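Enquirer: Before we start, here is the structure in question, set down as structure tokens.
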Amino acid sequence: MGTQLVEAVIDGVLTGGLYALMAAGLTLIFGMLEIINIAQGIFVLLGSYLSYALWAHAGIDPFLGLLVTIPILFVVGIGVEWAFMRRIGDRDRVSMSILVTYAVSLVIEGALDIAFGTTFVQLRPSYFARTWHVFGFYLEYIYVFGFVLAALLIAALYALMYRTRFGASLRAALQDRTAATLIGVNVKRVSTITFGIGVAVTAAGGMVFGATNDFSANSSTDLISRLLTIIVLGGLGSIGGAMGAAVFMLVLEDVVAVVWSPVWAPVIYFLVLLIVLSVRPQGLFGKVSTRAQ
């Protein structure tokens with residue numbers, strides 16, 4: 001049992017990095033633009049399918065393929081924001097964003113079903129299944145590489161938001177759009193780029209998700225429910241909180257599967273969400289007065 005628990009913790013930490021990467025763009029979009037992007041799950045799967053297509057039909061390694069899929073998802077994000085999100089007024093921004101992005105999700109899901117069919121596919125280059133033997137435990141390459149990739153991209157997002165002029169412009173627009181405009185910030189352009197970045201990072205998350213799970217376009221429903229749970233627990237808008245909450249939840253899920261029952265493991269997501277929100281509405285790592293940190 002002791003060995004199984006340690007394995008569960010290790011697997012939870014590595015898988016948590018993957019979910020943090022997928023959730024980072026979602027919490028960035030909400031924290032900075034006050035948009036709840038229900039389409040984030042299908043964007044992740046779009047990244048999975050693009051990586052799959054490049055690997056299966058062009059022989060391009062999935063990690064190398066990110067040089068193609070990240071720009072594509074960035075352009076998709078910009079297009080969605082320009083075509084739909086900027087039309088939403090400030091008054092009902094949050095509620096309307098849910099409806100609009102849900103509609104976008106349905107359209108993309110239908111397009112993926114037509115293009116790739118409804119059967120599950122696999123993104124599994126042979127070396128992904130290789131393992132490192134560390135202190136008696138076997139760690140698959142893809143989980144280790146995925147965790148490192150997640151940590152690097154989340155750190156890059158944080159640096160972009162808090163160490164660059166663009167990040168300063170974005171935070172100024174969030175605090176007061178009128179004042180930001182008066183000092184020369186192009187609020188519409190900043191919002192569009194931010195949404196594009198939030199969608200672009202799903203290309204990396206989608207690649208790793210597709211490499212560790214069989215998937216179809218219908219997988220987006222379960223995926224978005226998990227991602228929303230993670231960003232709520234981590235504190236809406238908190239990039240660091242998304243990482244912490246994702247690792248916490250995945251470790252907890254794996255431990256429950258070992259010590260109790262695999263059947264109850266998925267339920268723990270929503271049970272913990274109810275408990276935490278009843279005690280700490282701002283989430284595990286969120287702050288009452290801040291949207292992004």
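Chain labels run A, B, ... following the order of the structure tokens; each chain numbers its residues from 1, and ligands are numbered from 1 in the order shown.
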Skipping near chain neighbours, those fewer than 5 positions away, what residues fall within 9 Å of Leu223 of chain A using only C-alpha atoms, listed as a list in words?

Expert: Gln40, Gly41, Ile42, Val44 and Leu228 of chain A

Enquirer: May I have all residues of segment 222-278 of chain A that DSSP, computed from the backbone, assigns to alpha helix (DSSP H), given as a ChimeraX atom specification?

Expert: /A:222-234,239-259,267-278

Enquirer: For the structure I just gave you, how does DSSP split segment 28-187 of chain A - specifically, which residues are strand (DSSP E or B)? Reply as a PyMOL selection string.

Expert: chain A and resi 121+131-134+137-140

Enquirer: For those residues, write C-alpha atoms to a file as a short mmCIF file (atom, residue, chain, number, x, y, z; two decimals), in the first residue's frame.

Expert:
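Below you can see out_20.cif, which holds the result:
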data_model
loop_
_atom_site.label_atom_id
_atom_site.label_comp_id
_atom_site.auth_asym_id
_atom_site.auth_seq_id
_atom_site.Cartn_x
_atom_site.Cartn_y
_atom_site.Cartn_z
CA VAL A 121 -7.89 8.11 -31.66
CA THR A 131 10.40 5.09 -18.93
CA TRP A 132 13.04 6.30 -16.51
CA HIS A 133 13.74 4.08 -13.53
CA VAL A 134 14.12 6.47 -10.58
CA PHE A 137 9.68 3.89 -9.76
CA TYR A 138 9.09 3.98 -13.50
CA LEU A 139 8.28 7.39 -14.97
CA GLU A 140 7.01 7.58 -18.55
#

Enquirer: Residues within 7 Å of Ala20 of chain A, please, as a compact mmCIF listing (two decimals) with C-alpha atoms, in the first residue's frame. Count only C-alpha atoms; anything in the same chain fewer than 2 positions from it doesn't count.

Expert:
# COMPACT_ATOMS: atom_id res chain seq x y z
CA GLY A 16 -1.50 17.75 -12.45
CA GLY A 17 1.08 19.65 -14.46
CA LEU A 18 -0.77 18.65 -17.63
CA MET A 22 -4.73 23.26 -19.99
CA ALA A 23 -6.32 25.40 -17.27
CA ALA A 24 -3.76 28.23 -17.42
CA ALA A 242 -4.31 26.91 -11.34
CA MET A 243 -1.01 25.05 -11.07
CA ALA A 246 -4.40 21.05 -10.54

Enquirer: For the atom pair atom CA of Ala265 of chain A and atom CA of Thr229 of chain A, what is the interatomic distance in Å to one decimal place?

Expert: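 Result for atom CA of Ala265 of chain A versus atom CA of Thr229 of chain A: 14.4 Å, one decimal.
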
Enquirer: Could you please determine the separation between atom CA of Ala211 of chain A and atom CA of Phe30 of chain A in Å, to one decimal place?

Expert: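 Rounded to one decimal, the two atoms are 27.2 Å apart.
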
Enquirer: Set out as CSV a contact list for segment 153-207 of chain A and segment 53-64 of chain A with a cut-off of 12 Å, giving each residue of segment 153-207 of chain A that qualifies its closest atom pair and distance in Å to one decimal, counting only C-alpha atoms, ordered by chain and rising residue number.

Expert:
residue,atom,partner,partner_atom,distance
A:Ala203,CA,A:Phe63,CA,10.4
A:Ala204,CA,A:Phe63,CA,8.3
A:Gly205,CA,A:Phe63,CA,11.1
A:Gly206,CA,A:Pro62,CA,10.4
A:Met207,CA,A:Pro62,CA,6.7

Enquirer: Using atom CA of Thr178 of chain A and atom CA of Val100 of chain A as the two end points, give the distance in Å to one decimal.

Expert: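 Between atom CA of Thr178 of chain A and atom CA of Val100 of chain A the gap is 25.2 Å.
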
Enquirer: I'd like the contact shell of segment 107-115 of chain A - 12 Å cut-off, only C-alpha atoms, skipping same-chain residues fewer than 2 positions apart - returned as a PyMOL selection string.

Expert: chain A and resi 39-50+53+76+80+100-105+117-121+215-221

Enquirer: Using only C-alpha atoms, please write the residues we just selected to a file, as a PDB file, in the first residue's frame.

Expert:
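Result file follows (selection_9.pdb):
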ATOM      1  CA  ALA A  39     -14.901  26.424 -25.410  1.00  0.00           C
ATOM      2  CA  GLN A  40     -11.545  25.838 -23.701  1.00  0.00           C
ATOM      3  CA  GLY A  41     -12.147  22.076 -23.582  1.00  0.00           C
ATOM      4  CA  ILE A  42     -12.776  21.831 -27.308  1.00  0.00           C
ATOM      5  CA  PHE A  43      -9.785  24.101 -27.989  1.00  0.00           C
ATOM      6  CA  VAL A  44      -7.649  21.590 -26.072  1.00  0.00           C
ATOM      7  CA  LEU A  45      -9.004  18.783 -28.247  1.00  0.00           C
ATOM      8  CA  LEU A  46      -8.452  20.871 -31.367  1.00  0.00           C
ATOM      9  CA  GLY A  47      -4.801  21.038 -30.298  1.00  0.00           C
ATOM     10  CA  SER A  48      -4.847  17.260 -29.786  1.00  0.00           C
ATOM     11  CA  TYR A  49      -6.264  16.642 -33.251  1.00  0.00           C
ATOM     12  CA  LEU A  50      -3.852  19.044 -34.938  1.00  0.00           C
ATOM     13  CA  ALA A  53      -2.813  14.989 -37.877  1.00  0.00           C
ATOM     14  CA  VAL A  76      -8.093  30.777 -33.913  1.00  0.00           C
ATOM     15  CA  VAL A  80     -13.028  34.043 -32.038  1.00  0.00           C
ATOM     16  CA  VAL A 100     -21.228  32.518 -26.838  1.00  0.00           C
ATOM     17  CA  THR A 101     -18.278  30.232 -26.081  1.00  0.00           C
ATOM     18  CA  TYR A 102     -20.634  27.280 -25.611  1.00  0.00           C
ATOM     19  CA  ALA A 103     -21.955  27.905 -29.117  1.00  0.00           C
ATOM     20  CA  VAL A 104     -18.374  28.136 -30.426  1.00  0.00           C
ATOM     21  CA  SER A 105     -17.617  24.828 -28.703  1.00  0.00           C
ATOM     22  CA  GLY A 117     -15.043  10.877 -37.125  1.00  0.00           C
ATOM     23  CA  THR A 118     -16.481  10.042 -33.719  1.00  0.00           C
ATOM     24  CA  THR A 119     -14.195   7.126 -32.840  1.00  0.00           C
ATOM     25  CA  PHE A 120     -11.398   7.575 -30.308  1.00  0.00           C
ATOM     26  CA  VAL A 121      -7.892   8.112 -31.657  1.00  0.00           C
ATOM     27  CA  PHE A 215      -9.720  11.060 -27.259  1.00  0.00           C
ATOM     28  CA  SER A 216     -12.565  12.186 -29.482  1.00  0.00           C
ATOM     29  CA  ALA A 217     -14.329  15.514 -29.876  1.00  0.00           C
ATOM     30  CA  ASN A 218     -16.932  14.352 -27.344  1.00  0.00           C
ATOM     31  CA  SER A 219     -14.213  14.270 -24.658  1.00  0.00           C
ATOM     32  CA  SER A 220     -14.562  18.039 -24.265  1.00  0.00           C
ATOM     33  CA  THR A 221     -17.516  17.875 -21.849  1.00  0.00           C
TER      34      THR A 221
END

Enquirer: Determine, counting only C-alpha atoms, which protein, DNA and RNA residues have an atom within 9 Å of an atom of Asp11 of chain A; residues of the same chain fewer than 6 positions away are not included. Present the result as a ChimeraX atom specification.

Expert: /A:139,143,250-251,254

Enquirer: Which of these, A:Gly89, A:Gly12, A:Gly167, A:Gly196, has the shortest distance to Val256 of chain A once you count only C-alpha atoms?

Expert: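 Among the listed residues, the smallest separation from Val256 of chain A belongs to A:Gly12.
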